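Data block for upload01.pdb (PDB, C-alpha atoms and all ligand atoms):
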```pdb
MODEL        1
ATOM      1  CA  MET A   1       0.000   0.000   0.000
ATOM      2  CA  LYS A   2       2.690   2.437  -1.005
ATOM      3  CA  GLY A   3       1.828   6.066  -0.734
ATOM      4  CA  GLN A   4      -1.582   5.297   0.632
ATOM      5  CA  LYS A   5      -2.871   6.354   3.965
ATOM      6  CA  VAL A   6      -3.880   3.427   6.108
ATOM      7  CA  SER A   7      -6.328   4.465   8.744
ATOM      8  CA  TYR A   8      -5.364   4.008  12.357
ATOM      9  CA  LYS A   9      -8.449   1.905  12.956
ATOM     10  CA  LYS A  10      -7.625  -0.456  10.120
ATOM     11  CA  GLU A  11      -3.992  -0.730  11.158
ATOM     12  CA  LYS A  12      -5.047  -1.588  14.669
ATOM     13  CA  ALA A  13      -7.550  -4.196  13.519
ATOM     14  CA  ILE A  14      -4.832  -5.823  11.391
ATOM     15  CA  ALA A  15      -2.457  -5.919  14.362
ATOM     16  CA  HIS A  16      -5.192  -7.513  16.480
ATOM     17  CA  ILE A  17      -5.971 -10.058  13.788
ATOM     18  CA  ASN A  18      -2.277 -11.001  13.746
ATOM     19  CA  ARG A  19      -2.333 -11.476  17.481
ATOM     20  CA  VAL A  20      -5.320 -13.847  17.277
ATOM     21  CA  GLU A  21      -3.676 -15.729  14.399
ATOM     22  CA  HIS A  22      -0.509 -16.220  16.424
ATOM     23  CA  TYR A  23      -2.472 -17.390  19.413
ATOM     24  CA  LEU A  24      -4.334 -19.931  17.262
ATOM     25  CA  GLN A  25      -1.121 -21.131  15.669
ATOM     26  CA  TRP A  26       0.917 -21.505  18.843
ATOM     27  CA  GLU A  27      -1.747 -22.602  21.257
ATOM     28  CA  HIS A  28      -3.872 -24.804  19.013
ATOM     29  CA  SER A  29      -1.979 -25.372  15.732
ATOM     30  CA  VAL A  30      -4.932 -23.916  13.884
ATOM     31  CA  GLU A  31      -4.324 -22.000  10.671
ATOM     32  CA  VAL A  32      -6.377 -19.151   9.313
ATOM     33  CA  GLU A  33      -7.213 -18.922   5.658
ATOM     34  CA  TYR A  34      -8.758 -15.933   3.903
ATOM     35  CA  ASP A  35     -10.841 -16.264   0.842
ATOM     36  CA  ARG A  36     -13.260 -14.001  -0.979
ATOM     37  CA  ASP A  37     -15.767 -16.846  -0.847
ATOM     38  CA  GLY A  38     -14.732 -18.053   2.598
ATOM     39  CA  THR A  39     -17.530 -19.375   4.759
ATOM     40  CA  ASN A  40     -16.426 -18.021   8.155
ATOM     41  CA  GLU A  41     -16.083 -21.315   9.899
ATOM     42  CA  TYR A  42     -13.819 -23.505  11.928
ATOM     43  CA  ARG A  43     -13.074 -26.865  10.389
ATOM     44  CA  PRO A  44     -11.794 -29.030  13.239
ATOM     45  CA  ASN A  45     -10.787 -31.947  11.017
ATOM     46  CA  LEU A  46      -8.527 -29.642   8.964
ATOM     47  CA  SER A  47      -7.322 -27.546  11.930
ATOM     48  CA  ARG A  48      -8.274 -24.525   9.909
ATOM     49  CA  ILE A  49     -10.425 -21.451  10.186
ATOM     50  CA  GLU A  50     -11.831 -19.978   7.025
ATOM     51  CA  ILE A  51     -12.554 -16.259   6.966
ATOM     52  CA  ASN A  52     -14.356 -14.365   4.265
ATOM     53  CA  SER A  53     -12.055 -11.604   3.080
ATOM     54  CA  ARG A  54     -14.797  -9.420   1.669
ATOM     55  CA  GLN A  55     -15.584  -8.042   5.115
ATOM     56  CA  ASN A  56     -13.744  -5.043   6.486
ATOM     57  CA  TYR A  57     -10.956  -5.585   8.996
ATOM     58  CA  THR A  58     -13.042  -4.935  12.079
ATOM     59  CA  SER A  59     -15.569  -7.524  10.937
ATOM     60  CA  ARG A  60     -12.773  -9.935  10.143
ATOM     61  CA  LEU A  61     -11.416  -9.502  13.650
ATOM     62  CA  HIS A  62     -14.826 -10.138  15.200
ATOM     63  CA  THR A  63     -15.456 -13.178  13.035
ATOM     64  CA  LEU A  64     -11.996 -14.533  13.754
ATOM     65  CA  LEU A  65     -12.474 -14.119  17.509
ATOM     66  CA  HIS A  66     -15.792 -15.938  17.278
ATOM     67  CA  GLU A  67     -14.273 -18.822  15.324
ATOM     68  CA  ALA A  68     -11.403 -18.914  17.812
ATOM     69  CA  GLY A  69     -14.133 -19.200  20.450
ATOM     70  CA  HIS A  70     -15.246 -22.422  18.743
ATOM     71  CA  VAL A  71     -11.653 -23.674  18.852
ATOM     72  CA  ILE A  72     -11.450 -22.961  22.586
ATOM     73  CA  LEU A  73     -14.791 -24.637  23.257
ATOM     74  CA  ARG A  74     -13.732 -27.740  21.386
ATOM     75  CA  LYS A  75     -10.075 -27.918  22.334
ATOM     76  CA  GLY A  76      -9.978 -26.239  25.705
ATOM     77  CA  ARG A  77      -7.792 -23.550  27.285
ATOM     78  CA  VAL A  78      -8.204 -19.881  28.043
ATOM     79  CA  GLN A  79      -9.149 -20.582  31.615
ATOM     80  CA  GLN A  80     -11.770 -23.255  32.424
ATOM     81  CA  PHE A  81     -13.034 -25.930  30.072
ATOM     82  CA  GLU A  82     -10.961 -29.057  29.785
ATOM     83  CA  PRO A  83     -10.290 -30.340  26.300
ATOM     84  CA  LYS A  84     -12.439 -32.630  24.195
ATOM     85  CA  LYS A  85     -14.187 -34.791  26.758
ATOM     86  CA  SER A  86     -15.720 -31.694  28.263
ATOM     87  CA  PHE A  87     -17.039 -30.515  24.941
ATOM     88  CA  LYS A  88     -18.829 -33.801  24.417
ATOM     89  CA  LYS A  89     -20.139 -33.670  27.951
ATOM     90  CA  GLY A  90     -21.176 -30.068  27.598
ATOM     91  CA  PHE A  91     -22.885 -30.610  24.249
ATOM     92  CA  PRO A  92     -24.274 -34.139  24.469
ATOM     93  CA  HIS A  93     -26.655 -33.767  21.535
ATOM     94  CA  MET A  94     -24.149 -32.265  19.146
ATOM     95  CA  LYS A  95     -23.514 -34.273  16.047
ATOM     96  CA  THR A  96     -20.224 -34.171  14.232
ATOM     97  CA  GLY A  97     -21.592 -32.032  11.441
ATOM     98  CA  GLY A  98     -22.548 -29.159  13.721
ATOM     99  CA  SER A  99     -24.966 -26.870  11.952
ATOM    100  CA  ASP A 100     -24.338 -28.534   8.579
ATOM    101  CA  VAL A 101     -26.917 -31.066   9.598
ATOM    102  CA  ARG A 102     -30.303 -30.116  10.905
ATOM    103  CA  GLY A 103     -31.051 -32.600  13.629
ATOM    104  CA  ASN A 104     -33.773 -32.785  16.225
ATOM    105  CA  TRP A 105     -34.531 -30.048  18.781
ATOM    106  CA  ASP A 106     -31.874 -31.290  21.198
ATOM    107  CA  HIS A 107     -29.249 -31.058  18.505
ATOM    108  CA  ARG A 108     -30.369 -27.651  17.286
ATOM    109  CA  ILE A 109     -30.367 -26.253  20.806
ATOM    110  CA  ASP A 110     -26.815 -27.520  21.293
ATOM    111  CA  VAL A 111     -25.771 -25.818  18.052
ATOM    112  CA  LEU A 112     -27.298 -22.564  19.268
ATOM    113  CA  ARG A 113     -25.644 -22.937  22.678
ATOM    114  CA  GLU A 114     -22.290 -23.418  21.045
ATOM    115  CA  GLU A 115     -22.810 -20.328  18.874
ATOM    116  CA  VAL A 116     -23.696 -18.157  21.858
ATOM    117  CA  LEU A 117     -20.783 -19.497  23.894
ATOM    118  CA  ALA A 118     -18.313 -19.107  21.023
ATOM    119  CA  TRP A 119     -19.081 -15.369  20.987
ATOM    120  CA  GLU A 120     -18.576 -15.216  24.748
ATOM    121  CA  LYS A 121     -15.291 -17.152  24.471
ATOM    122  CA  GLY A 122     -14.217 -14.857  21.657
ATOM    123  CA  GLU A 123     -14.751 -11.887  23.929
ATOM    124  CA  GLU A 124     -12.776 -13.576  26.704
ATOM    125  CA  LEU A 125      -9.983 -14.289  24.253
ATOM    126  CA  ALA A 126      -9.884 -10.640  23.192
ATOM    127  CA  GLN A 127      -9.475  -9.686  26.837
ATOM    128  CA  TYR A 128      -6.812 -12.359  27.314
ATOM    129  CA  LEU A 129      -4.867 -11.001  24.318
ATOM    130  CA  SER A 130      -5.353  -7.374  25.424
ATOM    131  CA  ILE A 131      -7.479  -6.588  22.409
ATOM    132  CA  LYS A 132      -9.833  -3.775  23.155
ATOM    133  CA  LEU A 133     -13.118  -4.198  21.344
ATOM    134  CA  ASN A 134     -15.631  -1.555  20.470
ATOM    135  CA  LYS A 135     -18.401  -3.174  22.487
ATOM    136  CA  LYS A 136     -21.181  -1.530  20.548
ATOM    137  CA  VAL A 137     -19.897  -2.723  17.168
ATOM    138  CA  TRP A 138     -18.978  -6.107  18.620
ATOM    139  CA  SER A 139     -22.406  -6.764  20.143
ATOM    140  CA  ARG A 140     -24.171  -5.645  16.971
ATOM    141  CA  HIS A 141     -22.052  -8.052  14.929
ATOM    142  CA  ARG A 142     -22.626 -10.855  17.447
ATOM    143  CA  ASN A 143     -26.378 -10.334  17.526
ATOM    144  CA  GLU A 144     -26.642 -10.229  13.741
ATOM    145  CA  ALA A 145     -24.797 -13.546  13.575
ATOM    146  CA  LEU A 146     -26.898 -15.101  16.340
ATOM    147  CA  LYS A 147     -30.064 -13.933  14.667
ATOM    148  CA  THR A 148     -29.410 -16.213  11.702
ATOM    149  CA  TYR A 149     -29.137 -19.171  14.081
ATOM    150  CA  VAL A 150     -32.264 -18.209  15.953
ATOM    151  CA  LYS A 151     -34.081 -18.150  12.610
ATOM    152  CA  TRP A 152     -32.471 -21.441  11.590
ATOM    153  CA  ILE A 153     -33.587 -23.193  14.731
TER
HETATM  154 ZN    ZN A 201     -20.069 -19.994  15.006
ENDMDL
END
```
I'd like the structure from this file rewritten - as structure tokens, please.
Amino acid sequence: MKGQKVSYKKEKAIAHINRVEHYLQWEHSVEVEYDRDGTNEYRPNLSRIEINSRQNYTSRLHTLLHEAGHVILRKGRVQQFEPKKSFKKGFPHMKTGGSDVRGNWDHRIDVLREEVLAWEKGEELAQYLSIKLNKKVWSRHRNEALKTYVKWI
């Protein structure tokens, strides 16, 4: 971006994104991939998070934190939650496909619970990594995302 002004906000968001990426790499061996058609999801079997690169950097940061929240829920760490076994115990009706499959009520409720908790974990992770979020923008993004799941259920 030679000769172009990069806004402070954008620069900061990029620095924060890098911090989350490093955390994911070192703590969980999870890679982050950006794609214009990316689906914004964590693929546990590939140890990869896919992020849609059409969103602005603040949105990318929020989405990445949320997906990292899924990683923490499923693999543990950042305080509480023991790995794996606890996830299965905590989400007994979850099927391997997550929201790709539309199961019975029990399953759908577990999917919704995981979505809500992944946003909460993402917020905890931001705090843990000293990333200061704009709470208003963050909660609007979170609620928009949760709304699609509430409709799906
Ligand atoms: Zn999610």
Given all atoms listed in the file, how would the per-residue table for chain A near ligand ZN 201 (chain A) read, listing every residue at most 10 Å away with its closest atom pair and distance in Å to one decimal, sorted by chain and number, as a Markdown table?
```
| residue | atom | partner | partner_atom | distance |
| --- | --- | --- | --- | --- |
| A:Asn40 | CA | A:ZN201 | ZN | 8.0 |
| A:Glu41 | CA | A:ZN201 | ZN | 6.6 |
| A:Tyr42 | CA | A:ZN201 | ZN | 7.8 |
| A:Thr63 | CA | A:ZN201 | ZN | 8.5 |
| A:Leu64 | CA | A:ZN201 | ZN | 9.8 |
| A:Leu65 | CA | A:ZN201 | ZN | 9.9 |
| A:His66 | CA | A:ZN201 | ZN | 6.3 |
| A:Glu67 | CA | A:ZN201 | ZN | 5.9 |
| A:Ala68 | CA | A:ZN201 | ZN | 9.2 |
| A:Gly69 | CA | A:ZN201 | ZN | 8.1 |
| A:His70 | CA | A:ZN201 | ZN | 6.6 |
| A:Val71 | CA | A:ZN201 | ZN | 10.0 |
| A:Gly98 | CA | A:ZN201 | ZN | 9.6 |
| A:Ser99 | CA | A:ZN201 | ZN | 9.0 |
| A:Val111 | CA | A:ZN201 | ZN | 8.7 |
| A:Leu112 | CA | A:ZN201 | ZN | 8.8 |
| A:Arg113 | CA | A:ZN201 | ZN | 9.9 |
| A:Glu114 | CA | A:ZN201 | ZN | 7.3 |
| A:Glu115 | CA | A:ZN201 | ZN | 4.8 |
| A:Val116 | CA | A:ZN201 | ZN | 8.0 |
| A:Leu117 | CA | A:ZN201 | ZN | 8.9 |
| A:Ala118 | CA | A:ZN201 | ZN | 6.3 |
| A:Trp119 | CA | A:ZN201 | ZN | 7.6 |
| A:Arg142 | CA | A:ZN201 | ZN | 9.8 |
| A:Ala145 | CA | A:ZN201 | ZN | 8.1 |
| A:Leu146 | CA | A:ZN201 | ZN | 8.5 |
| A:Tyr149 | CA | A:ZN201 | ZN | 9.2 |
```
Tell me, as a list in words, which residues lie within 6 Å of segment 8-14 of chain A, counting only C-alpha atoms; anything in the same chain fewer than 2 positions away does not count.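 Final neighbour list, sorted by chain and number: His16, Ile17, Tyr57 and Thr58 of chain A.
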Check the smallest atom-to-atom distance from each of A:Arg54, A:Asp37, A:Val137, A:Leu125 to Leu24 of chain A using all atoms listed in the file, then report the winner. A:Leu125
Using only C-alpha atoms, pick whichever of A:Ser29, A:Asn18, A:Asn134, A:Ser86 has the shortest atom-to-atom distance to Arg74 of chain A. A:Ser86
Using all atoms listed in the file, which residues sit within 6 Å of Tyr34 of chain A once same-chain residues fewer than 6 positions away are excluded, as an MDAnalysis selection string? chainID A and resid 50:53
To one decimal place in Å, what is the distance between atom CA of Phe91 of chain A and atom CA of Asp110 of chain A?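 Going from atom CA of Phe91 of chain A over to atom CA of Asp110 of chain A covers 5.8 Å.
Minimum distance to Glu123 of chain A across A:Ile109, A:Leu61, A:Ile49, A:Ala15 (counting only C-alpha atoms) occurs at A:Leu61.
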Which residue of A:Gly103, A:Pro44, A:Leu73, A:Leu129 approaches Gly90 of chain A most closely, using only C-alpha atoms: A:Leu73
Quick one, how far is atom CA of Val32 of chain A from atom CA of Asn45 of chain A?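 Straight-line distance from atom CA of Val32 of chain A to atom CA of Asn45 of chain A works out to 13.6 Å.
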Nearest residue to Val20 of chain A from the set A:Lys147, A:Arg36, A:Arg60, A:Arg43 (distances using all atoms listed in the file):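 Once distances to Val20 of chain A are computed over all atoms listed in the file, the minimum belongs to A:Arg60.
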Rounded to one decimal, what separation in Å do you get between atom CA of Phe87 of chain A and atom CA of Glu144 of chain A?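 Between these atoms lies a distance of 25.1 Å.
Closest approach to Leu133 of chain A from the set A:His62, A:Lys151, A:Lys88, A:Asp100 is made by A:His62, with distances taken over all atoms listed in the file.
This file, filtered with the PyMOL selection byres (((chain A and resi 93) around 6) and not hetatm), gives the residues Phe91, Pro92, Met94, Asp106 and His107 of chain A.
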Because some atoms of segment 42-64 of chain A are absent here, can you restore N, CA and C atoms and send them as a PDB file, keeping the file's coordinate frame?
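Written out: rebuild_4.pdb:
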```
ATOM      1  N   TYR A  42     -14.920 -22.713  11.410  1.00  0.00           N
ATOM      2  CA  TYR A  42     -13.819 -23.505  11.928  1.00  0.00           C
ATOM      3  C   TYR A  42     -14.024 -24.933  11.467  1.00  0.00           C
ATOM      4  N   ARG A  43     -13.001 -25.473  10.832  1.00  0.00           N
ATOM      5  CA  ARG A  43     -13.074 -26.865  10.389  1.00  0.00           C
ATOM      6  C   ARG A  43     -12.111 -27.689  11.227  1.00  0.00           C
ATOM      7  N   PRO A  44     -12.660 -28.314  12.283  1.00  0.00           N
ATOM      8  CA  PRO A  44     -11.794 -29.030  13.239  1.00  0.00           C
ATOM      9  C   PRO A  44     -10.953 -30.128  12.590  1.00  0.00           C
ATOM     10  N   ASN A  45     -11.532 -30.830  11.628  1.00  0.00           N
ATOM     11  CA  ASN A  45     -10.787 -31.947  11.017  1.00  0.00           C
ATOM     12  C   ASN A  45      -9.600 -31.467  10.177  1.00  0.00           C
ATOM     13  N   LEU A  46      -9.631 -30.195   9.753  1.00  0.00           N
ATOM     14  CA  LEU A  46      -8.527 -29.642   8.964  1.00  0.00           C
ATOM     15  C   LEU A  46      -7.646 -28.718   9.802  1.00  0.00           C
ATOM     16  N   SER A  47      -8.021 -28.515  11.073  1.00  0.00           N
ATOM     17  CA  SER A  47      -7.322 -27.546  11.930  1.00  0.00           C
ATOM     18  C   SER A  47      -7.201 -26.199  11.229  1.00  0.00           C
ATOM     19  N   ARG A  48      -8.301 -25.754  10.691  1.00  0.00           N
ATOM     20  CA  ARG A  48      -8.274 -24.525   9.909  1.00  0.00           C
ATOM     21  C   ARG A  48      -9.531 -23.688  10.141  1.00  0.00           C
ATOM     22  N   ILE A  49      -9.302 -22.388  10.139  1.00  0.00           N
ATOM     23  CA  ILE A  49     -10.425 -21.451  10.186  1.00  0.00           C
ATOM     24  C   ILE A  49     -10.476 -20.747   8.845  1.00  0.00           C
ATOM     25  N   GLU A  50     -11.660 -20.673   8.293  1.00  0.00           N
ATOM     26  CA  GLU A  50     -11.831 -19.978   7.025  1.00  0.00           C
ATOM     27  C   GLU A  50     -12.544 -18.656   7.278  1.00  0.00           C
ATOM     28  N   ILE A  51     -11.955 -17.582   6.768  1.00  0.00           N
ATOM     29  CA  ILE A  51     -12.554 -16.259   6.966  1.00  0.00           C
ATOM     30  C   ILE A  51     -12.831 -15.622   5.608  1.00  0.00           C
ATOM     31  N   ASN A  52     -14.001 -15.065   5.497  1.00  0.00           N
ATOM     32  CA  ASN A  52     -14.356 -14.365   4.265  1.00  0.00           C
ATOM     33  C   ASN A  52     -13.642 -13.020   4.217  1.00  0.00           C
ATOM     34  N   SER A  53     -12.887 -12.808   3.147  1.00  0.00           N
ATOM     35  CA  SER A  53     -12.055 -11.604   3.080  1.00  0.00           C
ATOM     36  C   SER A  53     -12.770 -10.416   2.443  1.00  0.00           C
ATOM     37  N   ARG A  54     -14.057 -10.568   2.202  1.00  0.00           N
ATOM     38  CA  ARG A  54     -14.797  -9.420   1.669  1.00  0.00           C
ATOM     39  C   ARG A  54     -15.216  -8.460   2.766  1.00  0.00           C
ATOM     40  N   GLN A  55     -15.183  -8.915   4.026  1.00  0.00           N
ATOM     41  CA  GLN A  55     -15.584  -8.042   5.115  1.00  0.00           C
ATOM     42  C   GLN A  55     -14.442  -7.088   5.470  1.00  0.00           C
ATOM     43  N   ASN A  56     -14.782  -5.978   6.068  1.00  0.00           N
ATOM     44  CA  ASN A  56     -13.744  -5.043   6.486  1.00  0.00           C
ATOM     45  C   ASN A  56     -12.958  -5.646   7.664  1.00  0.00           C
ATOM     46  N   TYR A  57     -11.871  -4.977   8.032  1.00  0.00           N
ATOM     47  CA  TYR A  57     -10.956  -5.585   8.996  1.00  0.00           C
ATOM     48  C   TYR A  57     -11.552  -5.728  10.401  1.00  0.00           C
ATOM     49  N   THR A  58     -12.398  -4.812  10.769  1.00  0.00           N
ATOM     50  CA  THR A  58     -13.042  -4.935  12.079  1.00  0.00           C
ATOM     51  C   THR A  58     -13.951  -6.165  12.094  1.00  0.00           C
ATOM     52  N   SER A  59     -14.706  -6.346  11.033  1.00  0.00           N
ATOM     53  CA  SER A  59     -15.569  -7.524  10.937  1.00  0.00           C
ATOM     54  C   SER A  59     -14.757  -8.806  10.912  1.00  0.00           C
ATOM     55  N   ARG A  60     -13.644  -8.752  10.193  1.00  0.00           N
ATOM     56  CA  ARG A  60     -12.773  -9.935  10.143  1.00  0.00           C
ATOM     57  C   ARG A  60     -12.292 -10.294  11.537  1.00  0.00           C
ATOM     58  N   LEU A  61     -11.900  -9.271  12.281  1.00  0.00           N
ATOM     59  CA  LEU A  61     -11.416  -9.502  13.650  1.00  0.00           C
ATOM     60  C   LEU A  61     -12.509 -10.144  14.501  1.00  0.00           C
ATOM     61  N   HIS A  62     -13.712  -9.598  14.411  1.00  0.00           N
ATOM     62  CA  HIS A  62     -14.826 -10.138  15.200  1.00  0.00           C
ATOM     63  C   HIS A  62     -15.111 -11.588  14.820  1.00  0.00           C
ATOM     64  N   THR A  63     -15.173 -11.823  13.516  1.00  0.00           N
ATOM     65  CA  THR A  63     -15.456 -13.178  13.035  1.00  0.00           C
ATOM     66  C   THR A  63     -14.365 -14.138  13.478  1.00  0.00           C
ATOM     67  N   LEU A  64     -13.125 -13.679  13.371  1.00  0.00           N
ATOM     68  CA  LEU A  64     -11.996 -14.533  13.754  1.00  0.00           C
ATOM     69  C   LEU A  64     -12.043 -14.863  15.248  1.00  0.00           C
TER      70      LEU A  64
END
```
